[in-house]
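Colleague: Here's a structure for you.
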Amino acid sequence: SLRIDRVLPLILRHATALLRTDGAMIALLRGDSLEITAGVGVGKPLVGSRLPLHGSMSGRAVRSASSIIRDDVRDDPDDFVPNVAMAQVRNAIIVPLLSVQGPVGALSVFNRAAPFTDDDAELLQRLADQVSVAVVNARLFEEVAEATREWAVAFDSIGSGMVLLDKRGRIQRTNAQARALMDVASEDTVLGRDFHAALFGDDAPCEQCVHFAAIAEGTVKRGAHDDKARGRVFNMTAAPHPLGGAVVTFDDVTEHRSLAERHRLVVETSRDAIVITDRDRKIIFANPAAHDLLARGPDLIGLPVARAVPEDQRANVREREDKALAGEPQNYEAMVVRPDGDRRIVAIATAPLRDLGQVTGIV
């Protein structure tokens, strides 16, 4: 077993049986002290208590990396009185638990009618060497198990759908959002299925899917895919997995796309000229009505606003732009000039364009 709570009592039962003692305990190194994490026989009441590294026999065994044999523990200068009194310890052998990474703790057996010998200490040390390996392995197992639990929680808490695919595009792992987007309650329902088929309900090959491109080319791929049968649109990002296959994240952007399309239709069919300028006062968007009004063709995009108004109007327009960039909407009249010199008087309404709370331009 790699369960440390099972390993240590088992080891202690073997130790007491081998050396015919009334009790045993294991103290593991925790920072600058030793914590008694397991005990049997008369050592069981000591579980949970701590021993100092300096001022206890177990601590000295750990520091010196050598065994200690005492036929009368009260004669030892490092006799830790509270624990000795609680377990009524008379005689003891204490051996260090050592690993390649350093000391792990100490193993003790105590209270035997016959005196302890060097052979007893050697036998206990051989057992302690196996204990050290078991403790290190158990700790590594616990660390991996804890990391796995943390990873699983993080994986399921991701707001986007996420799946792990094998080299053939078949699902190996899903998070909670992926299962919700695929409308399945259990991961077992989709394990081993083709990702495209599981998400879209379409068993036809998908040669254009981003996850196949990511697997084939070994690079990150992004794209949008339409679920025409159910009228949904997904944005996808696929990254190749180091061991083959791909990790795919995906989101349902149907509502965003629908809203964006409605806004686009409103803007493009509006009879009002609508332009967007950036903080450098250059036009970065113009609807068809704006193109008709200013008559500059493709040259309109990137054009500084100042070049679209007569020189005598530029100071006034710039002042209004300054106020809009400061967050203050404006309503005013000005004049625009077309490339052929034709001038038009226009009523202008401006508003700051905000992105994440910052003004990034003007509409």
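Here's how to read the names in the structure tokens: chain A, B, ... by the order shown, residue numbers from 1 in each chain, ligand numbers from 1 in the order shown.
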Would you kindly return, as a PDB file with all heavy atoms, in the first residue's frame, each protein, DNA or RNA residue with an atom no farther than 8 Å from any atom of Leu191 in chain A, considering only C-alpha atoms and excluding same-chain residues fewer than 2 positions away?
Modeller:
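Dumped to out-v8.pdb:
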ATOM      1  N   ARG A 170     -10.294  11.410 -30.915  1.00  0.00           N
ATOM      2  CA  ARG A 170     -11.294  10.820 -30.035  1.00  0.00           C
ATOM      3  C   ARG A 170     -11.136  11.348 -28.616  1.00  0.00           C
ATOM      4  O   ARG A 170     -10.022  11.555 -28.145  1.00  0.00           O
ATOM      5  CB  ARG A 170     -11.189   9.290 -30.054  1.00  0.00           C
ATOM      6  CG  ARG A 170     -11.474   8.684 -31.414  1.00  0.00           C
ATOM      7  CD  ARG A 170     -11.202   7.202 -31.441  1.00  0.00           C
ATOM      8  NE  ARG A 170      -9.823   6.900 -31.079  1.00  0.00           N
ATOM      9  CZ  ARG A 170      -9.261   5.699 -31.203  1.00  0.00           C
ATOM     10  NH1 ARG A 170      -9.980   4.690 -31.691  1.00  0.00           N
ATOM     11  NH2 ARG A 170      -8.012   5.507 -30.844  1.00  0.00           N
ATOM     12  N   ILE A 171     -12.238  11.532 -27.946  1.00  0.00           N
ATOM     13  CA  ILE A 171     -12.258  12.156 -26.621  1.00  0.00           C
ATOM     14  C   ILE A 171     -11.674  11.218 -25.563  1.00  0.00           C
ATOM     15  O   ILE A 171     -12.097  10.070 -25.433  1.00  0.00           O
ATOM     16  CB  ILE A 171     -13.701  12.555 -26.237  1.00  0.00           C
ATOM     17  CG1 ILE A 171     -14.232  13.605 -27.220  1.00  0.00           C
ATOM     18  CG2 ILE A 171     -13.752  13.070 -24.811  1.00  0.00           C
ATOM     19  CD1 ILE A 171     -15.698  13.919 -27.034  1.00  0.00           C
ATOM     20  N   GLN A 172     -10.704  11.754 -24.792  1.00  0.00           N
ATOM     21  CA  GLN A 172     -10.102  11.012 -23.696  1.00  0.00           C
ATOM     22  C   GLN A 172     -10.457  11.601 -22.332  1.00  0.00           C
ATOM     23  O   GLN A 172     -10.446  10.896 -21.330  1.00  0.00           O
ATOM     24  CB  GLN A 172      -8.568  11.005 -23.852  1.00  0.00           C
ATOM     25  CG  GLN A 172      -8.083  10.455 -25.173  1.00  0.00           C
ATOM     26  CD  GLN A 172      -8.490   9.004 -25.356  1.00  0.00           C
ATOM     27  OE1 GLN A 172      -8.150   8.147 -24.534  1.00  0.00           O
ATOM     28  NE2 GLN A 172      -9.228   8.719 -26.426  1.00  0.00           N
ATOM     29  N   ARG A 173     -10.736  12.898 -22.298  1.00  0.00           N
ATOM     30  CA  ARG A 173     -11.068  13.563 -21.031  1.00  0.00           C
ATOM     31  C   ARG A 173     -11.904  14.799 -21.335  1.00  0.00           C
ATOM     32  O   ARG A 173     -11.703  15.461 -22.352  1.00  0.00           O
ATOM     33  CB  ARG A 173      -9.767  13.967 -20.301  1.00  0.00           C
ATOM     34  CG  ARG A 173      -9.965  14.560 -18.907  1.00  0.00           C
ATOM     35  CD  ARG A 173     -10.386  13.491 -17.936  1.00  0.00           C
ATOM     36  NE  ARG A 173     -10.732  14.055 -16.636  1.00  0.00           N
ATOM     37  CZ  ARG A 173      -9.878  14.159 -15.617  1.00  0.00           C
ATOM     38  NH1 ARG A 173      -8.636  13.746 -15.768  1.00  0.00           N
ATOM     39  NH2 ARG A 173     -10.275  14.644 -14.462  1.00  0.00           N
ATOM     40  N   GLU A 187     -19.291  11.714 -18.400  1.00  0.00           N
ATOM     41  CA  GLU A 187     -18.148  11.631 -19.304  1.00  0.00           C
ATOM     42  C   GLU A 187     -18.122  10.303 -20.036  1.00  0.00           C
ATOM     43  O   GLU A 187     -17.676  10.233 -21.195  1.00  0.00           O
ATOM     44  CB  GLU A 187     -16.863  11.832 -18.501  1.00  0.00           C
ATOM     45  CG  GLU A 187     -15.607  11.908 -19.365  1.00  0.00           C
ATOM     46  CD  GLU A 187     -14.370  12.243 -18.555  1.00  0.00           C
ATOM     47  OE1 GLU A 187     -13.972  11.391 -17.727  1.00  0.00           O
ATOM     48  OE2 GLU A 187     -13.810  13.329 -18.741  1.00  0.00           O
ATOM     49  N   ASP A 188     -18.592   9.254 -19.387  1.00  0.00           N
ATOM     50  CA  ASP A 188     -18.578   7.933 -20.018  1.00  0.00           C
ATOM     51  C   ASP A 188     -19.362   7.912 -21.328  1.00  0.00           C
ATOM     52  O   ASP A 188     -19.084   7.093 -22.209  1.00  0.00           O
ATOM     53  CB  ASP A 188     -19.163   6.891 -19.060  1.00  0.00           C
ATOM     54  CG  ASP A 188     -18.283   6.672 -17.834  1.00  0.00           C
ATOM     55  OD1 ASP A 188     -17.080   6.992 -17.924  1.00  0.00           O
ATOM     56  OD2 ASP A 188     -18.804   6.211 -16.810  1.00  0.00           O
ATOM     57  N   THR A 189     -20.328   8.827 -21.451  1.00  0.00           N
ATOM     58  CA  THR A 189     -21.157   8.863 -22.654  1.00  0.00           C
ATOM     59  C   THR A 189     -20.348   9.220 -23.897  1.00  0.00           C
ATOM     60  O   THR A 189     -20.676   8.773 -24.999  1.00  0.00           O
ATOM     61  CB  THR A 189     -22.295   9.888 -22.477  1.00  0.00           C
ATOM     62  OG1 THR A 189     -22.987   9.620 -21.261  1.00  0.00           O
ATOM     63  CG2 THR A 189     -23.282   9.837 -23.633  1.00  0.00           C
ATOM     64  N   ARG A 193     -15.376   8.686 -28.274  1.00  0.00           N
ATOM     65  CA  ARG A 193     -16.110   9.142 -29.458  1.00  0.00           C
ATOM     66  C   ARG A 193     -15.326  10.225 -30.198  1.00  0.00           C
ATOM     67  O   ARG A 193     -14.526  10.953 -29.614  1.00  0.00           O
ATOM     68  CB  ARG A 193     -17.474   9.705 -29.073  1.00  0.00           C
ATOM     69  CG  ARG A 193     -18.483   8.669 -28.621  1.00  0.00           C
ATOM     70  CD  ARG A 193     -19.866   9.299 -28.530  1.00  0.00           C
ATOM     71  NE  ARG A 193     -20.334   9.768 -29.835  1.00  0.00           N
ATOM     72  CZ  ARG A 193     -21.394  10.557 -30.007  1.00  0.00           C
ATOM     73  NH1 ARG A 193     -22.093  10.964 -28.950  1.00  0.00           N
ATOM     74  NH2 ARG A 193     -21.762  10.939 -31.223  1.00  0.00           N
TER      75      ARG A 193
END
Colleague: Using only C-alpha atoms, which residues sit within 8 Å of range 89-104 of chain A once same-chain residues fewer than 3 positions away are excluded, as a PDB file with C-alpha atoms, in the first residue's frame?
Modeller:
ATOM      1  CA  LEU A  28       8.542  11.895  11.140  1.00  0.00           C
ATOM      2  CA  LEU A  29      10.497  15.062  10.564  1.00  0.00           C
ATOM      3  CA  MET A  57      16.822  10.798  21.876  1.00  0.00           C
ATOM      4  CA  SER A  58      14.877  10.523  18.615  1.00  0.00           C
ATOM      5  CA  ALA A  61      19.352   9.759  16.303  1.00  0.00           C
ATOM      6  CA  VAL A  62      18.122  11.866  13.363  1.00  0.00           C
ATOM      7  CA  ALA A  65      22.210   9.459  11.575  1.00  0.00           C
ATOM      8  CA  SER A  66      23.073   6.629  13.983  1.00  0.00           C
ATOM      9  CA  SER A  67      21.207   4.242  16.258  1.00  0.00           C
ATOM     10  CA  ILE A  68      20.838   4.643  20.028  1.00  0.00           C
ATOM     11  CA  ILE A  69      20.530   1.746  22.520  1.00  0.00           C
ATOM     12  CA  ARG A  70      19.490   2.538  26.067  1.00  0.00           C
ATOM     13  CA  ASP A  71      18.795  -0.059  28.758  1.00  0.00           C
ATOM     14  CA  ASP A  72      17.660   2.754  31.071  1.00  0.00           C
ATOM     15  CA  VAL A  73      16.383   5.799  29.199  1.00  0.00           C
ATOM     16  CA  ARG A  74      16.424   7.872  32.379  1.00  0.00           C
ATOM     17  CA  VAL A  84       8.865   8.747  28.633  1.00  0.00           C
ATOM     18  CA  ALA A  85       6.468   9.202  31.525  1.00  0.00           C
ATOM     19  CA  MET A  86       3.329   8.862  29.386  1.00  0.00           C
ATOM     20  CA  LEU A 107      11.817   4.471  14.446  1.00  0.00           C
ATOM     21  CA  SER A 108      11.756   3.405  18.094  1.00  0.00           C
ATOM     22  CA  VAL A 109      10.908   0.214  19.936  1.00  0.00           C
ATOM     23  CA  PHE A 110      10.813   0.062  23.725  1.00  0.00           C
ATOM     24  CA  ASN A 111      10.101  -1.941  26.843  1.00  0.00           C
ATOM     25  CA  ARG A 112      11.512  -5.451  26.633  1.00  0.00           C
ATOM     26  CA  PRO A 115      18.397  -6.084  27.330  1.00  0.00           C
ATOM     27  CA  PHE A 116      18.683  -4.782  23.753  1.00  0.00           C
ATOM     28  CA  ALA A 121      19.764  -2.430  16.576  1.00  0.00           C
ATOM     29  CA  LEU A 124      15.769  -2.581  13.432  1.00  0.00           C
ATOM     30  CA  GLN A 125      17.954  -0.401  11.194  1.00  0.00           C
ATOM     31  CA  ALA A 128      14.018   1.302   9.171  1.00  0.00           C
ATOM     32  CA  ASP A 129      15.722   1.464   5.768  1.00  0.00           C
ATOM     33  CA  VAL A 131      10.440   2.220   6.312  1.00  0.00           C
ATOM     34  CA  SER A 132      12.239   5.226   4.817  1.00  0.00           C
ATOM     35  CA  VAL A 133      11.537   4.023   1.293  1.00  0.00           C
ATOM     36  CA  VAL A 135       7.488   6.808   3.770  1.00  0.00           C
ATOM     37  CA  VAL A 136       9.081   8.623   0.824  1.00  0.00           C
TER      38      VAL A 136
END
Colleague: Could you pull the residues within 7 Å of range 199-215 of chain A, counting only C-alpha atoms, minus those fewer than 2 positions along the same chain, as a list in words?
Modeller: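 Residues meeting the cut-off are Lys167, Gly169, Met182, Phe195, His196, Ala197, Glu217, Gly218, Thr219, Val220, Lys221, Arg222, Gly223, Asp227, Ala238, Ala239, Pro240, Gly245, Ala246 and Val248 of chain A.
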Colleague: Could you save those same residues with N, CA and C atoms as a JSON list (two decimals), in the first residue's frame?
Modeller:
[["chain", "number", "residue", "atom", "x", "y", "z"],
["A", 167, "LYS", "N", -4.74, 10.88, -30.87],
["A", 167, "LYS", "CA", -4.23, 11.22, -32.20],
["A", 167, "LYS", "C", -5.29, 11.11, -33.29],
["A", 169, "GLY", "N", -8.42, 12.07, -32.83],
["A", 169, "GLY", "CA", -9.48, 13.03, -32.54],
["A", 169, "GLY", "C", -10.58, 12.49, -31.66],
["A", 182, "MET", "N", -21.83, 19.74, -24.81],
["A", 182, "MET", "CA", -22.16, 18.57, -25.61],
["A", 182, "MET", "C", -23.49, 17.95, -25.17],
["A", 195, "PHE", "N", -14.64, 13.70, -31.49],
["A", 195, "PHE", "CA", -15.03, 14.97, -30.88],
["A", 195, "PHE", "C", -16.04, 15.72, -31.74],
["A", 196, "HIS", "N", -15.81, 15.77, -33.04],
["A", 196, "HIS", "CA", -16.72, 16.48, -33.94],
["A", 196, "HIS", "C", -18.11, 15.85, -33.90],
["A", 197, "ALA", "N", -18.16, 14.53, -33.87],
["A", 197, "ALA", "CA", -19.45, 13.85, -33.83],
["A", 197, "ALA", "C", -20.15, 14.08, -32.49],
["A", 217, "GLU", "N", -0.24, 19.31, -37.86],
["A", 217, "GLU", "CA", 0.83, 20.29, -38.06],
["A", 217, "GLU", "C", 1.64, 20.56, -36.81],
["A", 218, "GLY", "N", 1.13, 20.16, -35.65],
["A", 218, "GLY", "CA", 1.86, 20.38, -34.41],
["A", 218, "GLY", "C", 1.92, 21.82, -33.97],
["A", 219, "THR", "N", 0.93, 22.62, -34.37],
["A", 219, "THR", "CA", 0.89, 24.03, -33.98],
["A", 219, "THR", "C", -0.52, 24.37, -33.46],
["A", 220, "VAL", "N", -0.60, 25.46, -32.73],
["A", 220, "VAL", "CA", -1.89, 25.90, -32.21],
["A", 220, "VAL", "C", -2.75, 26.43, -33.35],
["A", 221, "LYS", "N", -3.99, 25.99, -33.38],
["A", 221, "LYS", "CA", -4.93, 26.41, -34.42],
["A", 221, "LYS", "C", -6.19, 26.98, -33.77],
["A", 222, "ARG", "N", -6.77, 27.99, -34.43],
["A", 222, "ARG", "CA", -8.00, 28.61, -33.95],
["A", 222, "ARG", "C", -8.99, 28.72, -35.10],
["A", 223, "GLY", "N", -10.27, 28.68, -34.76],
["A", 223, "GLY", "CA", -11.28, 28.81, -35.80],
["A", 223, "GLY", "C", -12.67, 28.73, -35.22],
["A", 227, "ASP", "N", -22.59, 24.61, -36.02],
["A", 227, "ASP", "CA", -23.44, 23.45, -35.81],
["A", 227, "ASP", "C", -24.75, 23.77, -36.53],
["A", 238, "ALA", "N", -7.23, 24.81, -30.58],
["A", 238, "ALA", "CA", -6.67, 23.47, -30.41],
["A", 238, "ALA", "C", -5.15, 23.57, -30.34],
["A", 239, "ALA", "N", -4.59, 22.97, -29.30],
["A", 239, "ALA", "CA", -3.13, 22.95, -29.12],
["A", 239, "ALA", "C", -2.65, 21.50, -29.12],
["A", 240, "PRO", "N", -1.58, 21.21, -29.84],
["A", 240, "PRO", "CA", -1.09, 19.82, -29.87],
["A", 240, "PRO", "C", -0.60, 19.39, -28.49],
["A", 245, "GLY", "N", -2.11, 13.77, -29.97],
["A", 245, "GLY", "CA", -3.47, 14.27, -29.79],
["A", 245, "GLY", "C", -3.46, 15.78, -29.61],
["A", 246, "ALA", "N", -4.51, 16.29, -28.97],
["A", 246, "ALA", "CA", -4.64, 17.74, -28.82],
["A", 246, "ALA", "C", -5.51, 18.06, -27.61],
["A", 248, "VAL", "N", -8.29, 20.81, -26.67],
["A", 248, "VAL", "CA", -9.19, 21.73, -27.36],
["A", 248, "VAL", "C", -10.04, 22.48, -26.35]]
Colleague: Just want the 12 Å neighbourhood of Pro352 in chain A, counted on only C-alpha atoms, with same-chain residues fewer than 3 positions away dropped. Output as number ranges by chain.
Modeller: A: 276-279, 320-330, 349, 355, 357-363
Colleague: Go ahead and save the picked residues with N, CA, C and O atoms, as an mmCIF file, in the first residue's frame.
Modeller:
data_model
loop_
_atom_site.group_PDB
_atom_site.id
_atom_site.type_symbol
_atom_site.label_atom_id
_atom_site.label_comp_id
_atom_site.auth_asym_id
_atom_site.auth_seq_id
_atom_site.Cartn_x
_atom_site.Cartn_y
_atom_site.Cartn_z
ATOM 1 N N ILE A 276 -15.923 55.581 -36.639
ATOM 2 C CA ILE A 276 -15.213 55.382 -35.374
ATOM 3 C C ILE A 276 -13.778 55.830 -35.584
ATOM 4 O O ILE A 276 -13.144 55.456 -36.592
ATOM 5 N N THR A 277 -13.297 56.637 -34.657
ATOM 6 C CA THR A 277 -11.900 57.086 -34.721
ATOM 7 C C THR A 277 -11.152 56.568 -33.504
ATOM 8 O O THR A 277 -11.741 56.348 -32.438
ATOM 9 N N ASP A 278 -9.849 56.364 -33.665
ATOM 10 C CA ASP A 278 -9.034 55.926 -32.531
ATOM 11 C C ASP A 278 -8.505 57.136 -31.768
ATOM 12 O O ASP A 278 -8.852 58.285 -32.075
ATOM 13 N N ARG A 279 -7.663 56.916 -30.783
ATOM 14 C CA ARG A 279 -7.153 58.020 -29.971
ATOM 15 C C ARG A 279 -6.215 58.919 -30.764
ATOM 16 O O ARG A 279 -5.936 60.049 -30.343
ATOM 17 N N ARG A 320 -13.742 69.603 -29.738
ATOM 18 C CA ARG A 320 -14.848 68.680 -29.454
ATOM 19 C C ARG A 320 -14.332 67.240 -29.287
ATOM 20 O O ARG A 320 -14.822 66.494 -28.433
ATOM 21 N N GLU A 321 -13.354 66.882 -30.098
ATOM 22 C CA GLU A 321 -12.772 65.547 -29.974
ATOM 23 C C GLU A 321 -12.056 65.371 -28.636
ATOM 24 O O GLU A 321 -12.130 64.312 -28.005
ATOM 25 N N ASP A 322 -11.357 66.419 -28.195
ATOM 26 C CA ASP A 322 -10.677 66.362 -26.895
ATOM 27 C C ASP A 322 -11.676 66.065 -25.778
ATOM 28 O O ASP A 322 -11.415 65.250 -24.887
ATOM 29 N N LYS A 323 -12.826 66.724 -25.829
ATOM 30 C CA LYS A 323 -13.836 66.524 -24.788
ATOM 31 C C LYS A 323 -14.424 65.105 -24.869
ATOM 32 O O LYS A 323 -14.671 64.471 -23.837
ATOM 33 N N ALA A 324 -14.636 64.612 -26.081
ATOM 34 C CA ALA A 324 -15.163 63.256 -26.234
ATOM 35 C C ALA A 324 -14.160 62.214 -25.727
ATOM 36 O O ALA A 324 -14.529 61.250 -25.050
ATOM 37 N N LEU A 325 -12.866 62.426 -26.022
ATOM 38 C CA LEU A 325 -11.838 61.507 -25.538
ATOM 39 C C LEU A 325 -11.688 61.578 -24.026
ATOM 40 O O LEU A 325 -11.207 60.625 -23.402
ATOM 41 N N ALA A 326 -12.112 62.711 -23.442
ATOM 42 C CA ALA A 326 -12.102 62.835 -21.983
ATOM 43 C C ALA A 326 -13.346 62.211 -21.360
ATOM 44 O O ALA A 326 -13.512 62.244 -20.138
ATOM 45 N N GLY A 327 -14.258 61.672 -22.201
ATOM 46 C CA GLY A 327 -15.437 60.994 -21.692
ATOM 47 C C GLY A 327 -16.705 61.809 -21.740
ATOM 48 O O GLY A 327 -17.733 61.392 -21.198
ATOM 49 N N GLU A 328 -16.683 62.958 -22.400
ATOM 50 C CA GLU A 328 -17.846 63.856 -22.425
ATOM 51 C C GLU A 328 -18.485 63.848 -23.819
ATOM 52 O O GLU A 328 -17.892 64.338 -24.782
ATOM 53 N N PRO A 329 -19.686 63.292 -23.977
ATOM 54 C CA PRO A 329 -20.351 63.278 -25.291
ATOM 55 C C PRO A 329 -20.559 64.706 -25.811
ATOM 56 O O PRO A 329 -20.717 65.658 -25.034
ATOM 57 N N GLN A 330 -20.583 64.848 -27.145
ATOM 58 C CA GLN A 330 -20.698 66.167 -27.770
ATOM 59 C C GLN A 330 -21.807 66.156 -28.828
ATOM 60 O O GLN A 330 -22.048 65.143 -29.488
ATOM 61 N N ALA A 349 -22.975 64.093 -33.583
ATOM 62 C CA ALA A 349 -23.113 63.629 -32.200
ATOM 63 C C ALA A 349 -21.984 62.642 -31.953
ATOM 64 O O ALA A 349 -21.840 61.663 -32.696
ATOM 65 N N ASP A 355 -13.384 50.597 -23.763
ATOM 66 C CA ASP A 355 -12.987 49.197 -23.749
ATOM 67 C C ASP A 355 -12.358 48.914 -22.394
ATOM 68 O O ASP A 355 -11.322 49.495 -22.048
ATOM 69 N N GLY A 357 -13.354 49.923 -19.581
ATOM 70 C CA GLY A 357 -13.363 51.111 -18.756
ATOM 71 C C GLY A 357 -12.476 52.241 -19.263
ATOM 72 O O GLY A 357 -12.508 53.342 -18.726
ATOM 73 N N GLN A 358 -11.688 51.978 -20.305
ATOM 74 C CA GLN A 358 -10.800 53.005 -20.850
ATOM 75 C C GLN A 358 -11.348 53.510 -22.173
ATOM 76 O O GLN A 358 -11.860 52.743 -22.979
ATOM 77 N N VAL A 359 -11.245 54.841 -22.377
ATOM 78 C CA VAL A 359 -11.669 55.427 -23.642
ATOM 79 C C VAL A 359 -10.635 55.110 -24.691
ATOM 80 O O VAL A 359 -9.456 55.501 -24.566
ATOM 81 N N THR A 360 -11.036 54.396 -25.733
ATOM 82 C CA THR A 360 -10.103 53.986 -26.774
ATOM 83 C C THR A 360 -10.346 54.702 -28.097
ATOM 84 O O THR A 360 -9.578 54.532 -29.041
ATOM 85 N N GLY A 361 -11.429 55.469 -28.159
ATOM 86 C CA GLY A 361 -11.723 56.178 -29.395
ATOM 87 C C GLY A 361 -13.033 56.909 -29.281
ATOM 88 O O GLY A 361 -13.576 57.125 -28.194
ATOM 89 N N ILE A 362 -13.568 57.315 -30.443
ATOM 90 C CA ILE A 362 -14.811 58.089 -30.490
ATOM 91 C C ILE A 362 -15.727 57.483 -31.537
ATOM 92 O O ILE A 362 -15.291 57.119 -32.643
ATOM 93 N N VAL A 363 -17.034 57.399 -31.216
ATOM 94 C CA VAL A 363 -18.053 57.028 -32.196
ATOM 95 C C VAL A 363 -18.793 58.307 -32.569
ATOM 96 O O VAL A 363 -19.270 59.025 -31.685
#
Colleague: If DSSP is run on the backbone, what residues of range 2-197 of chain A are strand (DSSP E or B)? A reply as a PyMOL selection string would be ideal.
Modeller: chain A and resi 23-30+33-41+50-52+68-70+92-99+102-110+161-165+170-174+194
Colleague: Do you have the CA of Phe285 in chain A-CA of Arg232 in chain A distance handy?
Modeller: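 The value is 28.1 Å.
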Colleague: Which value, in Å to one decimal, gives the distance between CA of Pro82 in chain A and CA of Ala15 in chain A?
Modeller: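 These atoms are spaced 23.4 Å apart.
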